[in-house]
$ cat run.tsv   # TSV, C-alpha atoms
chain	number	residue	atom	x	y	z
Z	18	MET	CA	2.22	178.53	-126.79
Z	19	ASN	CA	4.38	178.84	-123.71
Z	20	GLU	CA	1.95	176.74	-121.65
Z	21	PHE	CA	1.84	174.09	-124.37
Z	22	LEU	CA	5.64	173.98	-124.55
Z	23	ILE	CA	5.93	173.43	-120.79
Z	24	THR	CA	3.34	170.63	-120.87
Z	25	TYR	CA	5.14	169.04	-123.83
Z	26	LEU	CA	8.54	169.13	-122.13
Z	27	VAL	CA	7.13	167.72	-118.88
Z	28	GLY	CA	5.47	165.00	-120.95
Z	29	ILE	CA	8.83	164.09	-122.47
Z	30	ILE	CA	10.35	163.87	-118.98
Z	31	VAL	CA	7.58	161.61	-117.66
Z	32	VAL	CA	7.68	159.33	-120.71
Z	33	SER	CA	11.47	159.06	-120.51
Z	34	PHE	CA	11.16	158.07	-116.84
Z	35	PHE	CA	8.84	155.23	-117.78
Z	36	VAL	CA	11.04	154.10	-120.68
Z	37	ASN	CA	14.05	154.21	-118.35
Z	38	MET	CA	12.16	152.14	-115.78
Z	39	GLY	CA	11.19	149.57	-118.41
Z	40	ILE	CA	14.75	149.23	-119.73
Z	41	SER	CA	16.20	148.86	-116.25
Z	42	LEU	CA	13.57	146.30	-115.17
Z	43	TYR	CA	14.31	144.29	-118.34
Z	44	GLY	CA	18.02	144.49	-117.50
Z	45	ILE	CA	17.43	143.22	-113.96
Z	46	PHE	CA	15.27	140.30	-115.06
Z	47	ALA	CA	16.74	139.22	-118.39
Z	48	LYS	CA	20.49	139.94	-118.27
Z	49	PRO	CA	22.50	136.97	-116.98
Z	50	ASN	CA	25.57	139.06	-116.03
Z	51	LEU	CA	25.47	140.14	-112.37
Z	52	ILE	CA	27.36	143.39	-113.04
Z	53	LYS	CA	24.82	144.34	-115.69
Z	54	LYS	CA	22.03	143.53	-113.25
Z	55	LEU	CA	23.67	145.87	-110.71
Z	56	ILE	CA	23.96	148.67	-113.28
Z	57	ALA	CA	20.29	148.23	-114.21
Z	58	LEU	CA	19.38	148.37	-110.51
Z	59	THR	CA	21.20	151.70	-110.08
Z	60	ILE	CA	19.37	153.10	-113.13
Z	61	LEU	CA	16.04	151.93	-111.67
Z	62	SER	CA	16.67	153.52	-108.27
Z	63	ASP	CA	17.88	156.79	-109.81
Z	64	THR	CA	14.81	156.91	-112.04
Z	65	ALA	CA	12.52	156.32	-109.07
Z	66	ASN	CA	14.28	159.08	-107.10
Z	67	ALA	CA	14.05	161.56	-109.97
Z	68	PHE	CA	10.37	160.70	-110.43
Z	69	ALA	CA	9.70	161.33	-106.73
Z	70	ILE	CA	11.41	164.72	-107.02
Z	71	LEU	CA	9.30	165.57	-110.09
Z	72	ILE	CA	6.07	164.72	-108.24
Z	73	GLY	CA	7.13	166.88	-105.29
Z	74	TYR	CA	7.98	169.81	-107.55
Z	75	ARG	CA	5.43	172.53	-108.23
Z	76	ARG	CA	4.61	174.54	-111.30
Z	77	TRP	CA	4.93	178.31	-111.14
Z	78	PRO	CA	1.47	179.90	-111.17
Z	79	PRO	CA	1.17	181.76	-114.52
Z	80	GLY	CA	2.04	185.43	-114.19
Z	81	SER	CA	3.54	185.19	-110.71
Z	82	MET	CA	6.82	186.73	-109.56
Z	83	THR	CA	9.61	184.18	-109.89
Z	84	LYS	CA	11.41	184.72	-106.59
Z	85	PRO	CA	13.25	181.95	-104.76
Z	86	ALA	CA	11.46	180.67	-101.65
Z	87	VAL	CA	13.74	181.87	-98.87
Z	88	PHE	CA	13.30	183.96	-95.74
Z	89	THR	CA	14.73	187.43	-96.29
Z	90	ASP	CA	14.32	188.87	-92.78
Z	91	PHE	CA	14.93	187.50	-89.31
Z	92	PRO	CA	12.71	186.60	-87.54
Z	93	PRO	CA	10.10	186.28	-90.31
Z	94	THR	CA	6.66	187.80	-89.84
Z	95	PRO	CA	3.57	185.52	-90.18
Z	96	ASP	CA	2.86	187.08	-93.58
Z	97	LYS	CA	6.31	186.12	-94.84
Z	98	ILE	CA	5.88	182.57	-93.54
Z	99	GLU	CA	2.56	182.23	-95.37
Z	100	THR	CA	4.14	183.59	-98.57
Z	101	PHE	CA	7.00	181.10	-98.17
Z	102	ALA	CA	4.54	178.21	-97.76
Z	103	SER	CA	2.61	179.34	-100.84
Z	104	VAL	CA	5.62	179.34	-103.21
Z	105	ALA	CA	8.01	176.63	-101.88
Z	106	VAL	CA	8.08	173.11	-103.30
Z	107	ASP	CA	7.05	169.98	-101.38
Z	108	PRO	CA	9.91	169.13	-98.97
Z	109	LEU	CA	8.78	165.58	-98.20
Z	110	PRO	CA	9.89	163.79	-101.43
Z	111	GLN	CA	13.24	165.59	-101.23
Z	112	ALA	CA	13.77	164.37	-97.67
Z	113	LEU	CA	12.85	160.80	-98.60
Z	114	VAL	CA	15.03	160.82	-101.73
Z	115	LEU	CA	17.97	162.21	-99.75
Z	116	THR	CA	18.02	159.25	-97.39
Z	117	ALA	CA	17.18	156.84	-100.23
Z	118	ILE	CA	20.30	157.96	-102.13
Z	119	VAL	CA	22.65	157.30	-99.20
Z	120	ILE	CA	21.06	153.95	-98.40
Z	121	GLY	CA	21.07	153.04	-102.08
Z	122	LEU	CA	24.80	153.76	-102.13
Z	123	ALA	CA	25.40	151.47	-99.15
Z	124	VAL	CA	23.26	148.69	-100.64
Z	125	ILE	CA	25.04	148.99	-104.00
Z	126	ILE	CA	28.41	148.73	-102.25
Z	127	LEU	CA	27.19	145.61	-100.43
Z	128	LEU	CA	25.98	144.07	-103.71
Z	129	ALA	CA	29.24	144.97	-105.47
Z	130	VAL	CA	31.25	143.31	-102.71
Z	131	ILE	CA	29.07	140.20	-102.90
Z	132	ILE	CA	29.52	140.07	-106.69
Z	133	MET	CA	33.29	140.41	-106.25
Z	134	GLN	CA	33.17	137.51	-103.81
Z	135	ILE	CA	31.06	135.43	-106.21
Z	136	TYR	CA	33.63	136.04	-108.94
Z	137	ARG	CA	36.46	134.96	-106.63
Z	138	THR	CA	34.60	131.82	-105.57
Z	139	TYR	CA	33.18	130.65	-108.91
Z	140	GLY	CA	35.36	132.41	-111.48
Z	141	THR	CA	32.36	133.85	-113.32
Z	142	VAL	CA	29.49	136.31	-112.80
Z	143	ASP	CA	27.11	134.61	-115.27
Z	144	THR	CA	24.03	133.40	-113.37
Z	145	ARG	CA	23.32	130.70	-115.97
Z	146	VAL	CA	26.75	129.16	-115.35
Z	147	ILE	CA	26.71	129.64	-111.56
Z	148	SER	CA	23.39	127.82	-111.17
Z	149	LYS	CA	24.87	124.70	-112.87
Z	150	LEU	CA	28.24	124.69	-111.06
Z	151	ARG	CA	26.99	123.20	-107.76
Z	152	GLY	CA	29.84	124.72	-105.77
Z	153	ARG	CA	32.65	123.86	-108.20
Z	154	LYS	CA	34.80	126.57	-109.74
Z	155	HIS	CA	34.23	127.58	-113.34
Z	156	GLU	CA	37.16	126.59	-115.58
I	8	MET	CA	16.33	131.14	-123.71
I	9	LYS	CA	15.16	133.44	-126.52
I	10	PHE	CA	11.52	132.80	-125.59
I	11	GLU	CA	12.16	133.70	-121.94
I	12	GLN	CA	13.71	137.04	-122.85
I	13	VAL	CA	10.79	137.92	-125.12
I	14	LEU	CA	8.37	136.94	-122.34
I	15	ILE	CA	10.21	139.16	-119.83
I	16	ALA	CA	10.20	142.06	-122.29
I	17	VAL	CA	6.45	141.70	-122.91
I	18	ILE	CA	5.71	141.54	-119.16
I	19	VAL	CA	7.87	144.61	-118.47
I	20	VAL	CA	6.17	146.56	-121.29
I	21	ILE	CA	2.71	145.62	-119.95
I	22	PHE	CA	3.76	146.68	-116.44
I	23	ILE	CA	5.11	150.03	-117.64
I	24	LEU	CA	1.99	150.67	-119.73
I	25	ALA	CA	-0.22	149.91	-116.71
I	26	LEU	CA	1.89	152.22	-114.53
I	27	SER	CA	1.73	155.07	-117.05
I	28	TYR	CA	-2.04	154.50	-117.45
I	29	ALA	CA	-2.41	154.86	-113.67
I	30	VAL	CA	-0.42	158.11	-113.77
I	31	ALA	CA	-2.52	159.36	-116.70
I	32	LEU	CA	-5.69	158.60	-114.69
I	33	GLY	CA	-4.36	160.78	-111.86
I	34	ALA	CA	-2.60	158.39	-109.46
I	35	MET	CA	0.06	161.04	-108.82
I	36	GLY	CA	-2.32	164.01	-109.08
I	37	HIS	CA	-3.79	165.34	-112.29
I	38	ASP	CA	-0.88	167.66	-113.01
I	39	VAL	CA	2.69	166.43	-112.88
I	40	PRO	CA	4.26	168.58	-111.47
I	41	PRO	CA	1.24	169.99	-109.64
I	42	LEU	CA	0.29	173.65	-109.40
I	43	ASN	CA	-0.39	173.34	-105.67
I	44	ILE	CA	1.25	171.13	-103.07
I	45	ARG	CA	-0.57	169.06	-100.47
I	46	GLU	CA	-1.78	170.53	-97.19
I	47	LEU	CA	0.65	168.29	-95.26
I	48	ALA	CA	3.60	169.80	-97.13
I	49	ARG	CA	2.20	173.30	-96.55
I	50	ASN	CA	2.06	172.60	-92.83
I	51	TYR	CA	5.68	171.43	-92.83
I	52	LEU	CA	6.65	174.63	-94.67
I	53	ARG	CA	4.67	176.80	-92.26
I	54	LEU	CA	5.99	175.16	-89.10
I	55	ALA	CA	9.65	174.61	-89.94
I	56	PHE	CA	10.68	178.11	-88.85
I	57	ASN	CA	7.83	179.85	-87.06
I	58	PRO	CA	8.70	181.82	-83.90
I	59	TRP	CA	5.01	182.64	-83.50
I	60	LYS	CA	4.02	179.01	-82.85
I	61	GLN	CA	6.58	178.00	-80.25
I	62	ASN	CA	4.89	174.68	-79.44
I	63	LEU	CA	4.95	173.30	-82.99
I	64	THR	CA	8.01	174.69	-84.74
I	65	VAL	CA	11.49	173.21	-85.29
I	66	MET	CA	13.20	176.63	-85.51
I	67	SER	CA	15.14	175.67	-88.64
I	68	PRO	CA	14.71	177.60	-91.90
I	69	GLU	CA	15.82	174.52	-93.87
I	70	VAL	CA	12.61	172.52	-94.23
I	71	VAL	CA	14.16	169.35	-95.64
I	72	THR	CA	16.49	168.98	-92.66
I	73	SER	CA	13.62	169.61	-90.25
I	74	VAL	CA	11.57	166.90	-91.98
I	75	ILE	CA	14.51	164.49	-91.88
I	76	TRP	CA	15.57	164.95	-88.27
I	77	ASP	CA	12.47	166.23	-86.48
I	78	PHE	CA	9.10	165.71	-88.15
I	79	ARG	CA	10.04	162.26	-89.46
I	80	GLY	CA	13.04	161.60	-87.25
I	81	LEU	CA	12.23	157.96	-86.53
I	82	ASP	CA	12.09	157.23	-90.28
I	83	THR	CA	15.58	158.60	-90.70
I	84	PHE	CA	16.78	156.70	-87.64
I	85	PHE	CA	15.74	153.38	-89.16
I	86	GLU	CA	17.12	154.37	-92.55
I	87	THR	CA	20.41	155.06	-90.83
I	88	ALA	CA	20.09	151.57	-89.37
I	89	VAL	CA	19.80	150.18	-92.91
I	90	LEU	CA	23.01	152.02	-93.84
I	91	TYR	CA	24.64	150.57	-90.73
I	92	LEU	CA	23.55	147.00	-91.56
I	93	ALA	CA	24.61	147.22	-95.23
I	94	ILE	CA	28.11	148.30	-94.21
I	95	ILE	CA	28.20	145.64	-91.48
I	96	GLY	CA	27.35	143.08	-94.16
I	97	THR	CA	30.28	144.31	-96.25
I	98	VAL	CA	32.62	144.02	-93.27
I	99	VAL	CA	31.36	140.54	-92.37
I	100	ILE	CA	32.11	139.17	-95.86
I	101	TYR	CA	35.74	140.27	-95.46
I	102	ARG	CA	36.26	139.12	-91.87
I	103	GLY	CA	39.78	137.94	-91.12
I	104	VAL	CA	41.31	139.80	-94.06
I	105	TYR	CA	44.07	142.30	-93.37
I	106	THR	CA	43.52	145.63	-95.10
I	107	ALA	CA	47.10	145.73	-96.36
I	108	SER	CA	49.93	143.22	-96.38
I	109	LYS	CA	52.46	143.38	-93.56
I	110	GLU	CA	55.56	143.75	-95.73
I	111	VAL	CA	57.67	146.78	-94.86
I	112	VAL	CA	57.83	149.53	-97.48
I	113	SER	CA	60.72	151.98	-97.05
I	114	ASN	CA	59.88	154.49	-99.76
I	115	PHE	CA	56.25	155.56	-100.18
I	116	ASP	CA	57.06	157.66	-103.25
I	117	THR	CA	57.11	154.51	-105.36
I	118	LEU	CA	53.52	153.69	-104.32
I	119	GLY	CA	50.32	155.29	-105.50
I	120	MET	CA	49.92	157.65	-108.39
I	121	SER	CA	52.34	160.12	-109.97
I	122	PRO	CA	53.83	163.11	-108.06
I	123	ILE	CA	51.57	165.44	-110.06
I	124	ALA	CA	48.44	163.73	-108.77
I	125	LYS	CA	49.81	163.69	-105.22
I	126	THR	CA	50.67	167.40	-105.23
I	127	VAL	CA	47.30	168.40	-106.69
I	128	THR	CA	45.57	166.25	-104.06
I	129	ARG	CA	47.58	167.90	-101.27
I	130	ILE	CA	46.43	171.33	-102.49
I	131	THR	CA	42.76	170.45	-103.03
I	132	LEU	CA	42.15	168.34	-99.92
I	133	PRO	CA	41.83	171.32	-97.51
I	134	LEU	CA	39.33	172.94	-99.88
I	135	VAL	CA	37.21	169.78	-100.01
I	136	LEU	CA	37.45	169.48	-96.23
I	137	ALA	CA	36.28	173.08	-95.75
I	138	THR	CA	33.36	172.46	-98.11
I	139	ALA	CA	32.38	169.28	-96.30
I	140	VAL	CA	32.48	170.92	-92.86
I	141	SER	CA	30.54	173.90	-94.17
I	142	ILE	CA	27.84	171.68	-95.70
I	143	ALA	CA	27.50	169.64	-92.52
I	144	LEU	CA	27.51	172.53	-90.03
I	145	HIS	CA	25.12	174.69	-92.07
I	146	GLY	CA	22.73	171.78	-92.60
I	147	HIS	CA	20.00	173.41	-90.52
I	148	LEU	CA	20.33	176.76	-92.33
I	149	THR	CA	20.96	176.03	-96.01
I	150	PRO	CA	20.44	173.03	-98.29
I	151	GLY	CA	22.81	170.31	-97.19
I	152	GLY	CA	23.29	168.41	-93.98
I	153	GLY	CA	24.93	165.39	-92.44
I	154	PHE	CA	24.47	163.01	-95.38
I	155	GLN	CA	25.79	165.43	-97.97
I	156	GLY	CA	28.62	166.71	-95.80
I	157	GLY	CA	29.56	163.15	-94.91
I	158	SER	CA	29.64	162.07	-98.54
I	159	THR	CA	31.85	165.07	-99.37
I	160	ALA	CA	34.17	164.26	-96.47
I	161	ALA	CA	34.36	160.64	-97.63
I	162	VAL	CA	35.73	161.93	-100.94
I	163	ILE	CA	38.80	163.25	-99.07
I	164	LEU	CA	39.58	159.93	-97.42
I	165	ILE	CA	38.90	157.95	-100.61
I	166	LEU	CA	41.20	160.29	-102.58
I	167	ILE	CA	43.95	159.65	-100.03
I	168	LEU	CA	43.34	155.91	-100.33
I	169	VAL	CA	43.47	155.86	-104.12
I	170	ILE	CA	46.17	158.44	-104.81
I	171	PHE	CA	48.60	157.81	-101.94
I	172	SER	CA	47.96	154.01	-101.99
I	173	LEU	CA	46.46	151.76	-99.34
I	174	HIS	CA	49.89	150.98	-97.79
I	175	PHE	CA	50.50	154.66	-97.06
I	176	SER	CA	47.00	155.16	-95.63
I	177	VAL	CA	47.26	152.15	-93.34
I	178	ARG	CA	50.67	153.34	-92.10
I	179	LYS	CA	49.19	156.77	-91.34
I	180	GLY	CA	46.34	155.26	-89.34
I	181	LEU	CA	43.57	155.15	-91.93
I	182	THR	CA	42.74	151.52	-91.21
I	183	LYS	CA	39.60	149.41	-91.26
I	184	ASN	CA	39.37	149.26	-87.48
I	185	THR	CA	39.82	153.03	-87.02
I	186	MET	CA	37.05	153.71	-89.50
I	187	LEU	CA	34.82	151.10	-87.83
I	188	THR	CA	35.40	152.72	-84.41
I	189	LEU	CA	34.76	156.26	-85.65
I	190	ARG	CA	31.63	155.16	-87.47
I	191	SER	CA	30.33	153.40	-84.36
I	192	LEU	CA	30.99	156.56	-82.33
I	193	GLY	CA	29.03	158.59	-84.88
I	194	LEU	CA	26.10	156.18	-84.70
I	195	LEU	CA	26.30	156.20	-80.90
I	196	GLY	CA	26.13	160.01	-81.04
I	197	ILE	CA	23.01	159.81	-83.20
I	198	SER	CA	21.41	157.39	-80.72
I	199	ILE	CA	22.25	159.59	-77.74
I	200	THR	CA	21.04	162.76	-79.50
I	201	SER	CA	17.72	161.07	-80.24
I	202	ILE	CA	17.09	160.51	-76.51
I	203	ILE	CA	18.93	163.52	-75.05
I	204	VAL	CA	15.73	165.50	-74.39
I	205	LEU	CA	14.16	162.41	-72.85
I	206	ILE	CA	17.14	162.14	-70.46
I	207	LEU	CA	16.85	165.84	-69.62
I	208	GLY	CA	13.15	165.32	-68.94
I	209	LEU	CA	13.84	162.37	-66.65
I	210	ILE	CA	16.41	164.44	-64.70
I	211	THR	CA	14.17	167.49	-64.31
I	212	GLY	CA	10.92	165.54	-63.87
I	213	CYS	CA	9.25	166.90	-67.03
I	214	GLN	CA	7.45	164.89	-69.65
I	215	ALA	CA	9.49	164.33	-72.81
I	216	PHE	CA	9.60	161.93	-75.74
I	217	ILE	CA	12.07	160.34	-78.13
I	218	PHE	CA	13.29	162.56	-80.99
I	219	GLN	CA	11.99	165.67	-79.24
I	220	ASN	CA	13.72	168.87	-80.24
I	221	GLN	CA	11.89	172.03	-79.22
I	222	PRO	CA	9.51	172.34	-76.23
I	223	LYS	CA	6.00	171.07	-76.94
I	224	ALA	CA	2.68	171.78	-75.22
I	225	TYR	CA	2.68	168.79	-72.85
I	226	SER	CA	6.45	168.36	-72.57
I	227	PRO	CA	7.85	171.82	-71.88
I	228	ILE	CA	11.53	170.94	-72.19
I	229	GLY	CA	13.85	171.02	-75.15
I	230	LEU	CA	17.23	172.07	-76.44
I	231	PRO	CA	17.79	175.80	-77.06
I	232	ALA	CA	17.03	177.00	-80.57
I	233	SER	CA	19.85	179.53	-80.53
I	234	ILE	CA	22.96	180.26	-78.47
I	235	ASN	CA	24.00	183.93	-78.21
I	236	GLY	CA	21.81	184.73	-81.20
I	237	VAL	CA	23.36	182.00	-83.36
I	238	LEU	CA	20.68	179.64	-84.61
I	239	ILE	CA	21.51	175.98	-83.87
I	240	SER	CA	17.96	174.54	-84.05
I	241	GLY	CA	18.36	172.31	-80.98
I	242	THR	CA	19.19	168.72	-81.88
I	243	LEU	CA	19.51	169.32	-85.64
I	244	LEU	CA	23.10	170.58	-85.40
I	245	LEU	CA	24.14	167.59	-83.28
I	246	PHE	CA	22.41	165.14	-85.64
I	247	ASN	CA	24.13	166.69	-88.65
I	248	ILE	CA	27.59	166.51	-87.05
I	249	PHE	CA	27.23	162.88	-85.97
I	250	GLU	CA	25.64	161.82	-89.25
I	251	CYS	CA	28.53	163.46	-91.12
I	252	PHE	CA	30.98	161.36	-89.10
I	253	ALA	CA	29.03	158.14	-89.55
I	254	VAL	CA	28.53	158.53	-93.31
I	255	ALA	CA	32.09	159.69	-94.06
I	256	THR	CA	33.79	156.91	-92.11
I	257	GLY	CA	31.28	154.27	-93.21
I	258	LEU	CA	31.81	154.97	-96.90
I	259	THR	CA	35.58	155.09	-96.43
I	260	LEU	CA	35.40	151.75	-94.62
I	261	THR	CA	33.74	150.09	-97.59
I	262	PHE	CA	36.32	151.56	-99.96
I	263	ILE	CA	39.18	150.29	-97.78
I	264	ILE	CA	37.57	146.85	-97.97
I	265	MET	CA	37.15	147.05	-101.75
I	266	LEU	CA	40.78	148.15	-102.21
I	267	THR	CA	42.13	145.18	-100.24
I	268	PRO	CA	44.89	143.44	-102.26
I	269	GLU	CA	43.60	140.43	-104.16
I	270	SER	CA	46.45	138.21	-102.91
I	271	GLU	CA	45.39	138.76	-99.28
I	272	ILE	CA	41.81	137.72	-99.95
I	273	ARG	CA	42.91	134.72	-102.03
I	274	SER	CA	45.18	133.51	-99.21
I	275	VAL	CA	42.34	133.82	-96.68
I	276	MET	CA	39.89	132.05	-98.99
I	277	SER	CA	42.25	129.18	-99.73
I	278	GLY	CA	42.74	128.66	-95.99
I	279	ASP	CA	46.50	129.39	-95.78
I	280	ARG	CA	45.97	131.85	-92.97
I	281	TYR	CA	44.53	129.35	-90.44
I	282	GLU	CA	46.83	126.36	-90.75
$ encode --input "run.tsv" --output "structure tokens"
Amino acid sequence: MNEFLITYLVGIIVVSFFVNMGISLYGIFAKPNLIKKLIALTILSDTANAFAILIGYRRWPPGSMTKPAVFTDFPPTPDKIETFASVAVDPLPQALVLTAIVIGLAVIILLAVIIMQIYRTYGTVDTRVISKLRGRKHE
Amino acid sequence: MKFEQVLIAVIVVIFILALSYAVALGAMGHDVPPLNIRELARNYLRLAFNPWKQNLTVMSPEVVTSVIWDFRGLDTFFETAVLYLAIIGTVVIYRGVYTASKEVVSNFDTLGMSPIAKTVTRITLPLVLATAVSIALHGHLTPGGGFQGGSTAAVILILILVIFSLHFSVRKGLTKNTMLTLRSLGLLGISITSIIVLILGLITGCQAFIFQNQPKAYSPIGLPASINGVLISGTLLLFNIFECFAVATGLTLTFIIMLTPESEIRSVMSGDRYE
């Protein structure tokens, strides 16, 4: 029962990631408002980051001791290092997501500033209107 | 218009179904999350802090930081370059715009938020600063590091900008150019730290390579892992400090730009400034 419950809950998480991804991709492609496109882009990048973290996570082996994976003595003996490596989660997705978050923040700031500038120049953030303005300002 | 939206929705649904089918077939491993991690990740975990394999270890118990700044240091270097370029793009769009108007303000109490908000900010800012410094300096020991510490430190400067007003901040020296200079110094520090072992190797005549931290088998030179028994993990501490500076000042720079008064930007855009 416990095993089934864990599988069920993980299934909900994975399905919600895909639904989230679909909604945000639809928002990026179909919404004409640039601000809404930006919001959809942040949802997409956050979903991708959370999915990477989920893939790098590891399930507890059934019946094992649930201790956190830290070194308790200094310097650690080779046995302790092997125990650490056998219970810790994958560090690589976490490292990639960490940098991806900061860069995503910088890129979102750049896009927000560009959208602000588009609004100042054209008076609107609707892509349907902007494409027909040909450089004039929206009244 | 209606037809296009339906078409986009159908394409997105097909794409998501294909993606989930690939995951169900085992594109991400048959268990998500898996019961066992890959051998590569196991090797990272084994070698991050391993005094028994001096030629391969990073001497940092925090595996994520060792991956970021040692095992995959060049990746992080170029990702820092992306951060740099995105902020440069933000600055370039607002070239020629003053960060605050030149008019003289005699009483700063009338600017910014209410006295309650200002007093609470004065009390909490040292706490946030201590947290940020702690996160950045302990980046090679505990979860955290330069990025996280820098983001926390940026909160302090952004709070000052929002609560005490942009006029006050500019008068106290929190200007666009100061932030740009500090951020460039932080990035310069990162660049120098990435080649510091190479420079040491050139001076002493040893072999060394870029982003080297601890001594390796064919390049027996490196930064010390600990000083007086305090673990500093060689270059990791330096990287974390400089990254903290670069991220904190870079994020503050973008917020200064976004808080620029609308009238200033309008006057630059209409061409009044360059008559």
$ residues_around --input "run.tsv" --residues "region 129-141 of chain Z" --least-positions-apart "3" --cutoff "12 Å" --atoms "only C-alpha atoms" --output "PyMOL selection string"
(chain Z and resi 49-56+58-59+121-126+144-156) or (chain I and resi 93-101+261-267+269-270+272-277)
$ atom_distance --input "run.tsv" --atom1 "CA of Glu99 (chain Z)" --atom2 "CA of Asp38 (chain I)"
23.1 Å
$ residues_around --input "run.tsv" --residues "Asp77 (chain I)" --least-positions-apart "3" --cutoff "9 Å" --atoms "all atoms listed in the file" --output "VMD selection string"
chain I and resid 65 72 to 74 80 to 81 218 to 220 242 to 243
$ closest_atom_pairs --input "run.tsv" --of "chain I" --to "chain Z" --cutoff "7 Å" --atoms "all atoms listed in the file" --output "tab-separated table"
residue	atom	partner	partner_atom	distance
I:Gln12	CA	Z:Ala47	CA	5.8
I:Ile15	CA	Z:Ala47	CA	6.7
I:Ala16	CA	Z:Tyr43	CA	6.1
I:Val19	CA	Z:Gly39	CA	6.0
I:Val20	CA	Z:Gly39	CA	6.5
I:Ile23	CA	Z:Gly39	CA	6.1
I:Val39	CA	Z:Ile72	CA	6.0
I:Pro40	CA	Z:Arg75	CA	5.2
I:Pro41	CA	Z:Arg75	CA	5.1
I:Leu42	CA	Z:Arg76	CA	4.8
I:Asn43	CA	Z:Arg75	CA	6.4
I:Ile44	CA	Z:Asp107	CA	6.1
I:Ala48	CA	Z:Asp107	CA	5.5
I:Arg49	CA	Z:Ala102	CA	5.6
I:Leu52	CA	Z:Ala102	CA	5.2
I:Arg53	CA	Z:Ala102	CA	5.7
I:Val70	CA	Z:Pro108	CA	6.4
I:Val71	CA	Z:Ala112	CA	5.4
I:Val74	CA	Z:Ala112	CA	6.6
I:Ile75	CA	Z:Ala112	CA	5.8
I:Glu86	CA	Z:Thr116	CA	6.9
I:Val89	CA	Z:Ile120	CA	6.8
I:Leu90	CA	Z:Ile120	CA	5.3
I:Ala93	CA	Z:Val124	CA	5.8
I:Ile94	CA	Z:Ala123	CA	6.5
I:Gly96	CA	Z:Leu127	CA	6.8
I:Thr97	CA	Z:Leu127	CA	5.4
$ residues_around --input "run.tsv" --residues "Ser172 (chain I)" --least-positions-apart "4" --cutoff "8 Å" --atoms "all atoms listed in the file" --output "PyMOL selection string"
chain I and resi 118-120+167-168+176
$ atom_distance --input "run.tsv" --atom1 "CA of Gln221 (chain I)" --atom2 "CA of Gln61 (chain I)"
8.1 Å
$ atom_distance --input "run.tsv" --atom1 "CA of Ser33 (chain Z)" --atom2 "CA of Ala86 (chain Z)"
28.7 Å
$ decode --input "run.tsv" --residues "region 48-67 of chain Z" --atoms "C-alpha atoms" --output "mmCIF file, in the first residue's frame"
data_model
loop_
_atom_site.group_PDB
_atom_site.id
_atom_site.type_symbol
_atom_site.label_atom_id
_atom_site.label_comp_id
_atom_site.auth_asym_id
_atom_site.auth_seq_id
_atom_site.Cartn_x
_atom_site.Cartn_y
_atom_site.Cartn_z
ATOM 1 C CA LYS Z 48 -1.216 34.752 -26.204
ATOM 2 C CA PRO Z 49 -0.768 38.082 -27.998
ATOM 3 C CA ASN Z 50 0.118 40.034 -24.827
ATOM 4 C CA LEU Z 51 3.897 40.217 -24.287
ATOM 5 C CA ILE Z 52 3.574 40.301 -20.482
ATOM 6 C CA LYS Z 53 1.511 37.116 -20.571
ATOM 7 C CA LYS Z 54 4.127 35.538 -22.825
ATOM 8 C CA LEU Z 55 6.800 36.460 -20.257
ATOM 9 C CA ILE Z 56 4.770 34.949 -17.407
ATOM 10 C CA ALA Z 57 4.278 31.749 -19.419
ATOM 11 C CA LEU Z 58 8.035 31.643 -20.086
ATOM 12 C CA THR Z 59 8.814 31.851 -16.351
ATOM 13 C CA ILE Z 60 6.347 29.014 -15.673
ATOM 14 C CA LEU Z 61 8.005 26.920 -18.403
ATOM 15 C CA SER Z 62 11.520 27.462 -17.054
ATOM 16 C CA ASP Z 63 10.457 26.756 -13.466
ATOM 17 C CA THR Z 64 8.718 23.564 -14.568
ATOM 18 C CA ALA Z 65 11.815 22.436 -16.453
ATOM 19 C CA ASN Z 66 13.995 23.159 -13.401
ATOM 20 C CA ALA Z 67 11.684 21.275 -11.049
#
